[in-house]
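J.: The structure's right below; bear with me while I get my questions together.
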Amino acid sequence: MARYNPNTQVDFVVVGSGVSGGIMAKELSAAGFHVVVLEQGEYLHEKDFRYDQLQRTTHSALVADDMNPVTFRQTDKEKAVRSRAFGYGRCVGGGTVHYSGSSWRHHESDFHERSLWGPIAGSGFDDWPVTYAELEPYYTKVEWEIGYSGVGGVSPFESPRSKPYPLPPMPNKSSGVLMERAAKKLGYHAVPVPVAMLSEAYRGRQACIHCGFCSGFGCQVGAKSSSLAAIIPSLEKSSHCELRPNSYVREISVDKSGKVTGAVYFDANKKEVFQKAKAVIVCANGLGSPRLLLMSKSSVFPDGLANSNGVVGKYFIPGCNASAHGILEHELNEYKSVTTTRAIEDFYNADPKRGFYGGGRIDARGNVPPISFAMGGLAPDVPRWGSEFKKALKNDFSRTLTMQGFLTCLPVESNNVTLDPDVKDAWGLPAIRVTYKDHPDDMKNKAFFRDRALELIDAAGATKKWADPVREERAMGHTMGGCRMGNDPKTSVVDKFHRAHDVPNLYVVDGSSFVTSARNLPTCTISALAYRAADNIIRTAKNGSIKAPTGL
Amino acid sequence: MNQRSLEKQGASRRSFLAGSAAGLGSAWVAANWPGILAAQEHARQVAASGQPGKLDFFSPEQAAEVESVAAQIIPSDDSPGAREAGCLYFIDRALTTFDKDRQSVYTDGLGALQAKTHELFPSAGKFSGLTPAQQIQVLKAIETTPFFMQVRAHTVTGFLANPEHGGNQNEIGWKLIGFEGKFRYEPPFGYYDRESKSAALTTGKG
């Protein structure tokens with residue numbers, strides 16, 4: 001790994017080492033640029049991860065916590081209160097360290113759905129400034145570079161792909177077999193779930209051992225294709241990249257002309273350091289990126305960096321969910337292996353006949369670790385203690401099937417990320433404040449998908465079934481929007497190549513760039529956007545059009 | 001770990017997002033990790049010594065009461081329950097290490113338990129001296145109190161956490177629910193994928 005003096009002007013500072021930060025750093029350093037990656041969290045390794053529900057969150061925080069509080073409110077009429085229901089990864093590798101690895105491409109239609117459907121009142125529903133065709137080579141690159149397992153060409157809904165997956169799909173689980181049965185009965189199409197997980201050894205990494213501790217845990221064998229396992233090792237080997245963990249960026253600095261000069265961060269000892277750079281690439285996710293821009297106030301940008309139009313933080317999208325559960329006669333043992341292996345996309349597209357906008361994907365699963373299952377996974381009519389409780393634990397842990405819908409979630413201007421005026425983090429910086437209320441169509445869509453999920457549970461042959469109530473979202477793991485991309489500088493924060501409209505040497509590349517939610521599950525698309533952005537930045541920089549600010 | 005956040009856990013995708021293991025905040029776990037390790041080490045030493053567990057927080061009288069409550073939450077019937085799994089020891093370690101700030105929930109709650117026992121059964125001495133049916137009656141009367149919800153959360157967590165944390169002794173909890181605890185498996189994983197004769201997927205255009 002390279003080492004740079006903060007006073008040395010490097011070519012790029014990358015903020016964040018999750019999947020987009022990792023890809024940006026790898027591609028830019030491989031192209032010969034000097035890169036410093038500033039990651040707020042710790043650098044953990046496979047040996048630090050354990051199959052232990054009591055320990056699992058020590059990898060530098062998966063959810064908002066006392067050091068990095070997040071507050072939540074539904075409307076700006078309310079005072080936001082502390083919430084623990086927000087998850088993004090605060091460690092080297094970011095959220096990909098603890099995510100389940102289910103990682104789908106968007107469909108072609110996701111990129112121009114506004115044109116297909118038309119405007120939706122009370123929303124900022126819009127087309128993306130990039131098409132599936134433009135992104136397709138990068139999706140392929142993601143699958144091959146990072147290591148995905150799946151099978152193309154069997155789904156009638158899949159958009160065209162130029163290359164098969166590099167690795168065969170994971171072995172089907174009982175939930176997947178039941179999904180196939182249910183889908184057949186109902187006339188739907190069960191399709192294999194692509195995962196960022198190694199079904200076989202790949203490029204020096206070992207295959208999945210089916211331990212079942214994917215979602216919420218770091219992978220002990222490096223078979224999960226996280227940024228940590230798939231990308232960071234190449235940064236270690238690079239002579240053009242320095243990865244600095246425990247480096248918490250509080251401001252991106254600008255000169256008098258409004259060009260970025262570098263980033264100010266707190267090191268592990270909470271000492272402020274200024275790293276000079278020719279350009280900064282923010283990859284701090286849908287919550288962290290808008291917050292960092294809003295904190296970076298200057299005389300040129302009094303309302304936050306790249307925020308002359310006031311759009312930074314707006315159109316925040318957490319993703320919507322709906323689910324139903326059932327008990328089967330025989331054991332599924334869903335606690336083993338990956339989270340899910342089969343899904344249906346028969347209701348992926350929005351359909352005017354439903355009377356509202358919305359669509360989604362439903363996958364079959366049931367992977368809940370023992371303690372979480374006992375505390376919250378049982379049917380609502382099961383007593384919470386005593387002999388009936390024990391009986392249910394004994395029977396249901398291995399026999400519970402869930403049909404989980406990942407749904408559209410409309411971008412709404414008043415749903416936003418702002419700086420909390422009162423609550424501060426452990427460094428004295430304003431906490432992230434989320435304001436979010438579901439669009440009425442999202443609520444209708446959740447009810448629709450709850451019913452579809454219940455039908456699938458029924459068709460799978462469950463002896464008992466129940467649905468989770470349709471709820472307004474208050475828990476958020478897939479943080480999208482907030483620095484949306486677009487061609488119009490008046491209504492978007494970054495352009496189609498993730499360059500800030502206001503600042504020529506500032507880029508924002510992560511889930512915050514999303515214009516719409518697609519069907520939740522953003523990682524594959526974040527990764528593809530990052531490869532595409534990197535290609536463009538390399539071209540731009542080699543042309544000499546990313547210039548260092550003068551006077552440094 | 002409080003009941004509300006624990007209840008958020010569950011089979012839904014949201015469960016993970018809603019919190020970490022058993023609703024323990026990440027900062028909480030991170031801050032208390034040395035304590036958790038100390039508790040683990042303690043439990044290991046106790047196990048290695050072959051002696052019955054030593055209690056650091058509860059008096060023998062308190063321990064008998066807490067263990068009786070835990071034994072009604074996960075009773076011992078045709079299979080072992082919270083008592084045999086050593087949930088009491090998990091709770092005791094928790095209260096002297098990573099859940100120190102919840103000691104008063106127990107000390108206050110045990111007083112209230114005693115009071116409720118006397119109220120419903122004036123001639124009785126201790127909760128632990130009641131018949132099982134009487135104990136259930138008392139617990140039903142307090143099942144929404146923070147004390148009971150805390151004992152429940154701790155009991156369930158201790159019953160199913162990794163054995164090195166002091167409970168789930170001999171993997172009693174895991175055996176009950178059918179969790180193999182091997183952390184490395186081969187297909188088939190369950191009944192339906194074993195029984196399935198579905199043809200292997202064929203690749204088409206991709």
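Ordering of the structure tokens sets the chain letters (A, B, ...); residue numbers start at 1 within each chain; ligands are numbered from 1 in the order shown.
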Enumerate as a PDB file with N, CA and C atoms, in the first residue's frame all residues of range 245-433 of chain A assigned to helix (DSSP H, G or I) by DSSP on the backbone, naming them with the chain letters and numbers the document uses.
T.:
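This is the output file part.pdb:
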```
ATOM      1  N   ASN A 285     -22.528   6.727   1.022  1.00  0.00           N
ATOM      2  CA  ASN A 285     -23.885   6.154   1.004  1.00  0.00           C
ATOM      3  C   ASN A 285     -24.999   7.185   1.092  1.00  0.00           C
ATOM      4  N   GLY A 286     -26.219   6.683   0.932  1.00  0.00           N
ATOM      5  CA  GLY A 286     -27.391   7.556   0.821  1.00  0.00           C
ATOM      6  C   GLY A 286     -27.660   8.447   2.018  1.00  0.00           C
ATOM      7  N   LEU A 287     -27.144   8.085   3.169  1.00  0.00           N
ATOM      8  CA  LEU A 287     -27.269   8.970   4.331  1.00  0.00           C
ATOM      9  C   LEU A 287     -26.013   9.814   4.488  1.00  0.00           C
ATOM     10  N   GLY A 288     -24.868   9.163   4.415  1.00  0.00           N
ATOM     11  CA  GLY A 288     -23.606   9.830   4.723  1.00  0.00           C
ATOM     12  C   GLY A 288     -23.189  10.863   3.690  1.00  0.00           C
ATOM     13  N   SER A 289     -23.469  10.595   2.414  1.00  0.00           N
ATOM     14  CA  SER A 289     -23.018  11.542   1.389  1.00  0.00           C
ATOM     15  C   SER A 289     -23.755  12.878   1.460  1.00  0.00           C
ATOM     16  N   PRO A 290     -25.112  12.868   1.473  1.00  0.00           N
ATOM     17  CA  PRO A 290     -25.775  14.170   1.598  1.00  0.00           C
ATOM     18  C   PRO A 290     -25.397  14.894   2.891  1.00  0.00           C
ATOM     19  N   ARG A 291     -25.239  14.137   3.957  1.00  0.00           N
ATOM     20  CA  ARG A 291     -24.869  14.786   5.213  1.00  0.00           C
ATOM     21  C   ARG A 291     -23.512  15.490   5.093  1.00  0.00           C
ATOM     22  N   LEU A 292     -22.552  14.811   4.470  1.00  0.00           N
ATOM     23  CA  LEU A 292     -21.218  15.403   4.347  1.00  0.00           C
ATOM     24  C   LEU A 292     -21.265  16.673   3.485  1.00  0.00           C
ATOM     25  N   LEU A 293     -22.048  16.643   2.427  1.00  0.00           N
ATOM     26  CA  LEU A 293     -22.161  17.846   1.596  1.00  0.00           C
ATOM     27  C   LEU A 293     -22.808  18.974   2.395  1.00  0.00           C
ATOM     28  N   LEU A 294     -23.843  18.627   3.160  1.00  0.00           N
ATOM     29  CA  LEU A 294     -24.540  19.664   3.942  1.00  0.00           C
ATOM     30  C   LEU A 294     -23.640  20.239   5.036  1.00  0.00           C
ATOM     31  N   MET A 295     -22.739  19.409   5.564  1.00  0.00           N
ATOM     32  CA  MET A 295     -21.814  19.907   6.596  1.00  0.00           C
ATOM     33  C   MET A 295     -20.709  20.767   5.991  1.00  0.00           C
ATOM     34  N   PRO A 352     -51.111  -0.431 -14.484  1.00  0.00           N
ATOM     35  CA  PRO A 352     -52.201   0.529 -14.242  1.00  0.00           C
ATOM     36  C   PRO A 352     -53.482  -0.137 -13.743  1.00  0.00           C
ATOM     37  N   LYS A 353     -53.651  -1.411 -14.082  1.00  0.00           N
ATOM     38  CA  LYS A 353     -54.880  -2.102 -13.656  1.00  0.00           C
ATOM     39  C   LYS A 353     -54.986  -2.210 -12.135  1.00  0.00           C
ATOM     40  N   ARG A 354     -53.847  -2.114 -11.453  1.00  0.00           N
ATOM     41  CA  ARG A 354     -53.895  -2.205  -9.986  1.00  0.00           C
ATOM     42  C   ARG A 354     -54.422  -0.908  -9.359  1.00  0.00           C
ATOM     43  N   PRO A 370     -31.059 -17.885  15.723  1.00  0.00           N
ATOM     44  CA  PRO A 370     -31.902 -18.389  16.808  1.00  0.00           C
ATOM     45  C   PRO A 370     -32.475 -17.323  17.753  1.00  0.00           C
ATOM     46  N   ILE A 371     -31.662 -16.432  18.257  1.00  0.00           N
ATOM     47  CA  ILE A 371     -32.175 -15.478  19.256  1.00  0.00           C
ATOM     48  C   ILE A 371     -33.214 -14.554  18.621  1.00  0.00           C
ATOM     49  N   SER A 372     -32.893 -14.042  17.447  1.00  0.00           N
ATOM     50  CA  SER A 372     -33.834 -13.144  16.770  1.00  0.00           C
ATOM     51  C   SER A 372     -35.133 -13.873  16.468  1.00  0.00           C
ATOM     52  N   PHE A 373     -35.025 -15.130  16.071  1.00  0.00           N
ATOM     53  CA  PHE A 373     -36.232 -15.896  15.785  1.00  0.00           C
ATOM     54  C   PHE A 373     -37.095 -16.023  17.036  1.00  0.00           C
ATOM     55  N   ALA A 374     -36.462 -16.390  18.136  1.00  0.00           N
ATOM     56  CA  ALA A 374     -37.230 -16.613  19.366  1.00  0.00           C
ATOM     57  C   ALA A 374     -37.873 -15.324  19.870  1.00  0.00           C
ATOM     58  N   MET A 375     -37.220 -14.202  19.646  1.00  0.00           N
ATOM     59  CA  MET A 375     -37.752 -12.941  20.139  1.00  0.00           C
ATOM     60  C   MET A 375     -38.759 -12.307  19.193  1.00  0.00           C
ATOM     61  N   GLY A 376     -38.690 -12.606  17.907  1.00  0.00           N
ATOM     62  CA  GLY A 376     -39.591 -11.887  17.003  1.00  0.00           C
ATOM     63  C   GLY A 376     -40.073 -12.664  15.794  1.00  0.00           C
ATOM     64  N   SER A 387     -45.051 -23.123  28.153  1.00  0.00           N
ATOM     65  CA  SER A 387     -44.892 -24.381  27.418  1.00  0.00           C
ATOM     66  C   SER A 387     -45.304 -24.254  25.953  1.00  0.00           C
ATOM     67  N   GLU A 388     -46.319 -23.424  25.657  1.00  0.00           N
ATOM     68  CA  GLU A 388     -46.716 -23.246  24.251  1.00  0.00           C
ATOM     69  C   GLU A 388     -45.626 -22.517  23.468  1.00  0.00           C
ATOM     70  N   PHE A 389     -44.996 -21.555  24.119  1.00  0.00           N
ATOM     71  CA  PHE A 389     -43.863 -20.837  23.517  1.00  0.00           C
ATOM     72  C   PHE A 389     -42.742 -21.820  23.201  1.00  0.00           C
ATOM     73  N   LYS A 390     -42.428 -22.656  24.146  1.00  0.00           N
ATOM     74  CA  LYS A 390     -41.352 -23.633  23.950  1.00  0.00           C
ATOM     75  C   LYS A 390     -41.687 -24.608  22.816  1.00  0.00           C
ATOM     76  N   LYS A 391     -42.936 -25.029  22.796  1.00  0.00           N
ATOM     77  CA  LYS A 391     -43.378 -25.948  21.756  1.00  0.00           C
ATOM     78  C   LYS A 391     -43.223 -25.313  20.361  1.00  0.00           C
ATOM     79  N   ALA A 392     -43.593 -24.031  20.277  1.00  0.00           N
ATOM     80  CA  ALA A 392     -43.483 -23.330  18.997  1.00  0.00           C
ATOM     81  C   ALA A 392     -42.016 -23.160  18.587  1.00  0.00           C
ATOM     82  N   LEU A 393     -41.168 -22.834  19.555  1.00  0.00           N
ATOM     83  CA  LEU A 393     -39.732 -22.727  19.245  1.00  0.00           C
ATOM     84  C   LEU A 393     -39.225 -24.034  18.652  1.00  0.00           C
ATOM     85  N   LYS A 394     -39.624 -25.107  19.293  1.00  0.00           N
ATOM     86  CA  LYS A 394     -39.147 -26.429  18.893  1.00  0.00           C
ATOM     87  C   LYS A 394     -39.607 -26.766  17.474  1.00  0.00           C
ATOM     88  N   ASN A 395     -40.863 -26.485  17.194  1.00  0.00           N
ATOM     89  CA  ASN A 395     -41.395 -26.869  15.882  1.00  0.00           C
ATOM     90  C   ASN A 395     -41.059 -25.867  14.775  1.00  0.00           C
ATOM     91  N   ASP A 396     -41.150 -24.595  15.089  1.00  0.00           N
ATOM     92  CA  ASP A 396     -41.217 -23.584  14.025  1.00  0.00           C
ATOM     93  C   ASP A 396     -39.864 -23.047  13.560  1.00  0.00           C
TER      94      ASP A 396
END
```
J.: Enumerate the residues of range 322-506 of chain A with a DSSP assignment of strand (DSSP E or B), computed from the backbone, and present them as a PyMOL selection string.
T.: chain A and resi 322-327+342-344+360-365+400-407+416-424+430-435+464-467+476+480+485+494+499-500+506
J.: Mind checking which residues fall within 12 Å of Lys297 in chain A, counting only C-alpha atoms, ignoring those fewer than 5 positions away in the same chain, and posting them as a list in words?
T.: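 Neighbouring residues, sequence-local ones excluded: Arg250, Glu251, Ile252, Ser253, Val254, Asp255, Gly258, Val260, Arg291, Leu292, Pro302, Asp303, Gly304, Leu305, Ala306, Asn307, Ser308 and Leu419 of chain A.
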J.: Which one is closest to chain B: A:Ser123, A:Ser199, A:Ser215, A:Gln206? Count only C-alpha atoms.
T.: A:Ser215
J.: Show me, as a list in words, the residues that have an atom within 8 Å of Glu84 in chain B when counting only C-alpha atoms, minus same-chain residues fewer than 3 positions from it.
T.: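 The neighbour list is Ser76, Pro80, Gly81, Cys87, Gln169 and Ile172 of chain B.
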J.: Within 6 Å of chain B, which residues belong to chain A? Use only C-alpha atoms and report them as a PyMOL selection string.
T.: chain A and resi 53-54+57-58+61+65-66+85+87+152-154+164+173-174+209-211+331-333+368+371-373+375-377+385-386+390+393-394+397+475+477
J.: Quick one: everything within 7 Å of Val434 in chain A, counting only C-alpha atoms, minus sequence neighbours fewer than 6 positions away in the same chain. Send it as a list in words.
T.: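 Answer for this query is Thr71, Phe72, Arg73, Asn416, Val417 and Thr418 of chain A.
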J.: May I have the residues from that selection written out with C-alpha atoms, as a PDB file, in the first residue's frame?
T.:
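Result saved to selection_22.pdb:
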```
ATOM      1  CA  THR A  71     -32.760  10.907  14.237  1.00  0.00           C
ATOM      2  CA  PHE A  72     -36.077  10.273  12.527  1.00  0.00           C
ATOM      3  CA  ARG A  73     -39.371  12.039  11.969  1.00  0.00           C
ATOM      4  CA  ASN A 416     -34.910  14.044   3.050  1.00  0.00           C
ATOM      5  CA  VAL A 417     -31.632  13.863   4.890  1.00  0.00           C
ATOM      6  CA  THR A 418     -30.790  17.004   6.839  1.00  0.00           C
TER       7      THR A 418
END
```
J.: Measuring between only C-alpha atoms, which one of B:Asp78, B:Asp92, B:Glu119, B:Glu61 shows the shortest distance to Val151 in chain B?
T.: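 Nearest to Val151 in chain B: B:Asp92.
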J.: Work out how far CA of Arg50 in chain A is from CA of Ser100 in chain A, in Å to one decimal.
T.: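 Distance between the two atoms: 15.6 Å.
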